[in-house]
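Asker: I have a structure here, written as structure tokens, and I will follow up with some questions on it.
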Amino acid sequence: MNYQLSEEERMLRKTAADFANRSLAAVAEESNREGIFQDQIYRELGELGFMGMTVPEEYGGVDFGNFCLALAIEEISRVCASTAVAISVHNSLVNWAIMKFGSSQMKENYLPRLASGELLGAYALTEPGAGSDVSAISTSAVLEGDTYKLNGTKNFISTGDKAGVIIVFARTDSEDRKGGLSAFVVEPDSPGFSIGKKEDKMGLSASTTVELVFEDCEIPAANILGSEGQGMSIALGGLEGGRIGIAAQSLGIAQAAMDEAVKYGRERQQFGRRILDFQGNQFKIAEMATRLEAARLLVYQAARLRDRGEPCARESSMAKLYASEAANYLAYQALQIHGGVGYTSEFLIERLYRDARVLEIYEGASEIQKIVIFREVMKEYDRIMPD
Ligand SMILES: Cc1cc2nc3c(=O)[nH]c(=O)nc-3n(C[C@H](O)[C@H](O)[C@H](O)COP(=O)(O)OP(=O)(O)OC[C@H]3O[C@@H](n4cnc5c(N)ncnc54)[C@H](O)[C@@H]3O)c2cc1C
């Protein structure tokens, strides 16, 4: 299919694919099997520009934008979805928030090191009592002189134990559920900060997912992003881009599942024929290819809109909802085409199947995407067809 990529976009995609097929492929299998986080890969990704995709050149980034970021995440996810999620969170949540809401001092201090891959970014929104419902956040931040004191626990934080910069959402007003949230930049050597439980996950095994504990954790007052009370809009604004990143991660897993299904289906013989000669399996491939292309078009459209600075809450949620479900469908059908061997760790499809499952859960579960889509669709109807 012709996606009308520019020369620059084609080159960027090729650079990401070459990196994935060379450096990442060399370590992906073992890292995912043994649960090894590959620290050094992020430096290499930084050198290639992939850690500062939306950061302006004056702060050390390449400023290629969200569409190119989606292309890169897709290619990297094809080989290692664990690496892809770290790149997505780092670029579309952390770099974005500092660029948009950070002071000039914060931008100068953090962005060049984030863009080079020297520092990795993490994003700490979720808490044991606040998952889909962000307004239930109970971690508190109290200003004492020129220091904020944070108290509370975040859980399920991707690369939270590896990050040099963590964006933490906390409550600065206990009365106002939605308007009482603020966002802060926290460095891991802050007094009162510690890493808690490390999750033992079903997939994404080369990515760490941890609990973060704040006990009278002291951070400079200047580390607030924007001002007090802006936390909810920072969280939701970031997720608009983050969901495009996870949708692109979904495309990578879906494409890899497709490739594995075709490869195996052409080799395996039963009843004296290749299993892809059976129409039942051909129909599976046709359905998989169609869902993959539909997902890709939604993801690319959402990323282009975000690059143009147009509202894209509806499109990014549609892209995330559809692409994550497509990736799970493709992984399921590709495993089915593999038969019994697909259920063993000998074949890549087993990892793809496990990695795909979380796509429908994090950065807003499918049900939450539907809430956003319904709300946006109704806004449109209220405009064109008032009640
Ligand atoms: C591997 C992994 C990495 C993660 N990384 C991060 C990270 O880096 N940073 C971070 O902040 N968080 C992270 N998360 C957390 C993730 O974003 C949350 O798990 C997700 O938002 C869902 O929250 P929950 O798990 O508390 O589920 P819940 O909110 O308890 O939801 C449980 C179920 O109920 C449904 N549900 C909830 N409310 C409604 C409703 N109103 N209508 C219909 N259905 C509803 C949900 O869709 C879901 O199916 C990560 C999670 C995982 C598993």
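Letters for chains follow the order of the structure tokens (A, B, ...), residue numbers begin at 1 for each chain, and ligand numbers begin at 1 in the order shown.
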Please provide as a PyMOL selection string all residues within 12 Å of Gly145 (chain A), with the sequence filter that same-chain residues fewer than 4 positions apart are discarded (counting only C-alpha atoms).
Answerer: chain A and resi 149+218-222
Asker: Now that the selection is made, can you save its residues with N, CA and C atoms as a CSV table (one decimal), in the first residue's frame?
Answerer:
```
chain,number,residue,atom,x,y,z
A,149,LYS,N,7.0,18.4,49.0
A,149,LYS,CA,7.2,17.1,49.7
A,149,LYS,C,6.1,16.1,49.1
A,218,GLU,N,11.6,14.9,48.7
A,218,GLU,CA,11.8,16.3,48.5
A,218,GLU,C,12.2,16.6,47.1
A,219,ILE,N,11.5,17.5,46.4
A,219,ILE,CA,12.0,18.0,45.1
A,219,ILE,C,11.9,19.5,45.1
A,220,PRO,N,12.7,20.2,44.3
A,220,PRO,CA,12.7,21.6,44.3
A,220,PRO,C,11.3,22.1,43.7
A,221,ALA,N,10.9,23.2,44.3
A,221,ALA,CA,9.6,23.8,43.9
A,221,ALA,C,9.6,24.1,42.4
A,222,ALA,N,10.8,24.4,41.8
A,222,ALA,CA,10.9,24.7,40.4
A,222,ALA,C,10.7,23.5,39.5
```
Asker: List as a PyMOL selection string the protein and nucleic acid residues lying within 8 Å of ligand 1, with only C-alpha atoms and all ligand atoms counted.
Answerer: chain A and resi 89+122-133+154-160+201+203-204+209+358+361-368+371
Asker: Taking only C-alpha atoms into account, name the residue in A:Ile275, A:Val55, A:Tyr343, A:Phe184 that is nearest to Lys107 (chain A).
Answerer: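 The shortest atom-to-atom distance to Lys107 (chain A) comes from A:Val55.
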Asker: List every residue of region 106-209 of chain A that has an atom at most 7 Å from any atom of region 28-43 of chain A, and for each one report the closest atom pair and its distance in Å to one decimal, counting only C-alpha atoms, with rows sorted by chain and then by increasing residue number, as a tab-separated table.
Answerer:
```
residue	atom	partner	partner_atom	distance
A:Ser116	CA	A:Arg43	CA	6.6
A:Gly117	CA	A:Arg43	CA	4.6
A:Glu118	CA	A:Arg43	CA	6.2
A:Ser205	CA	A:Gly35	CA	4.9
A:Ala206	CA	A:Asn32	CA	4.7
A:Ser207	CA	A:Phe37	CA	5.9
A:Thr208	CA	A:Phe37	CA	7.0
```
Asker: Residues within 10 Å of region 5-14 of chain A, please, as a list in words. Count only C-alpha atoms; anything in the same chain fewer than 6 positions from it doesn't count.
Answerer: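 Listing them by chain and then by number gives Ala20, Leu48, Gly49, Phe50, Phe64, Phe67, Cys68, Leu69, Ala70, Leu71, Ala72, Ile73, Glu74, Glu75 and Ile76 of chain A.
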Asker: Using only C-alpha atoms, find the one residue out of A:Cys80, A:Ile234, A:Ile137, A:Val185 that sits nearest to Gly121 (chain A).
Answerer: A:Val185
Asker: Could you check which of A:Lys379, A:Arg171, A:Arg357, A:Arg273 is closest to Tyr148 (chain A), using only C-alpha atoms?
Answerer: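 Among the listed residues, the smallest separation from Tyr148 (chain A) belongs to A:Arg171.
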Asker: Can you tell me how far CA of Ser316 (chain A) sits from CA of Ala302 (chain A), in Å to one decimal?
Answerer: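 A separation of 5.3 Å between them.
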Asker: What is the CA of Gln230 (chain A) to CA of Gly179 (chain A) distance in Å?
Answerer: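 Separation of CA of Gln230 (chain A) and CA of Gly179 (chain A): 7.2 Å.
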Asker: Based on the backbone DSSP call, show me all residues of region 199-362 of chain A assigned helix (DSSP H, G or I), as a ChimeraX atom specification.
Answerer: /A:221-223,231-267,275-277,279-307,313-343,348-360
Asker: Could you tell me how far CA of Gln249 (chain A) sits from CA of Gly65 (chain A), in Å to one decimal place?
Answerer: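 According to the coordinates, CA of Gly65 (chain A) and CA of Gln249 (chain A) are separated by 16.3 Å.
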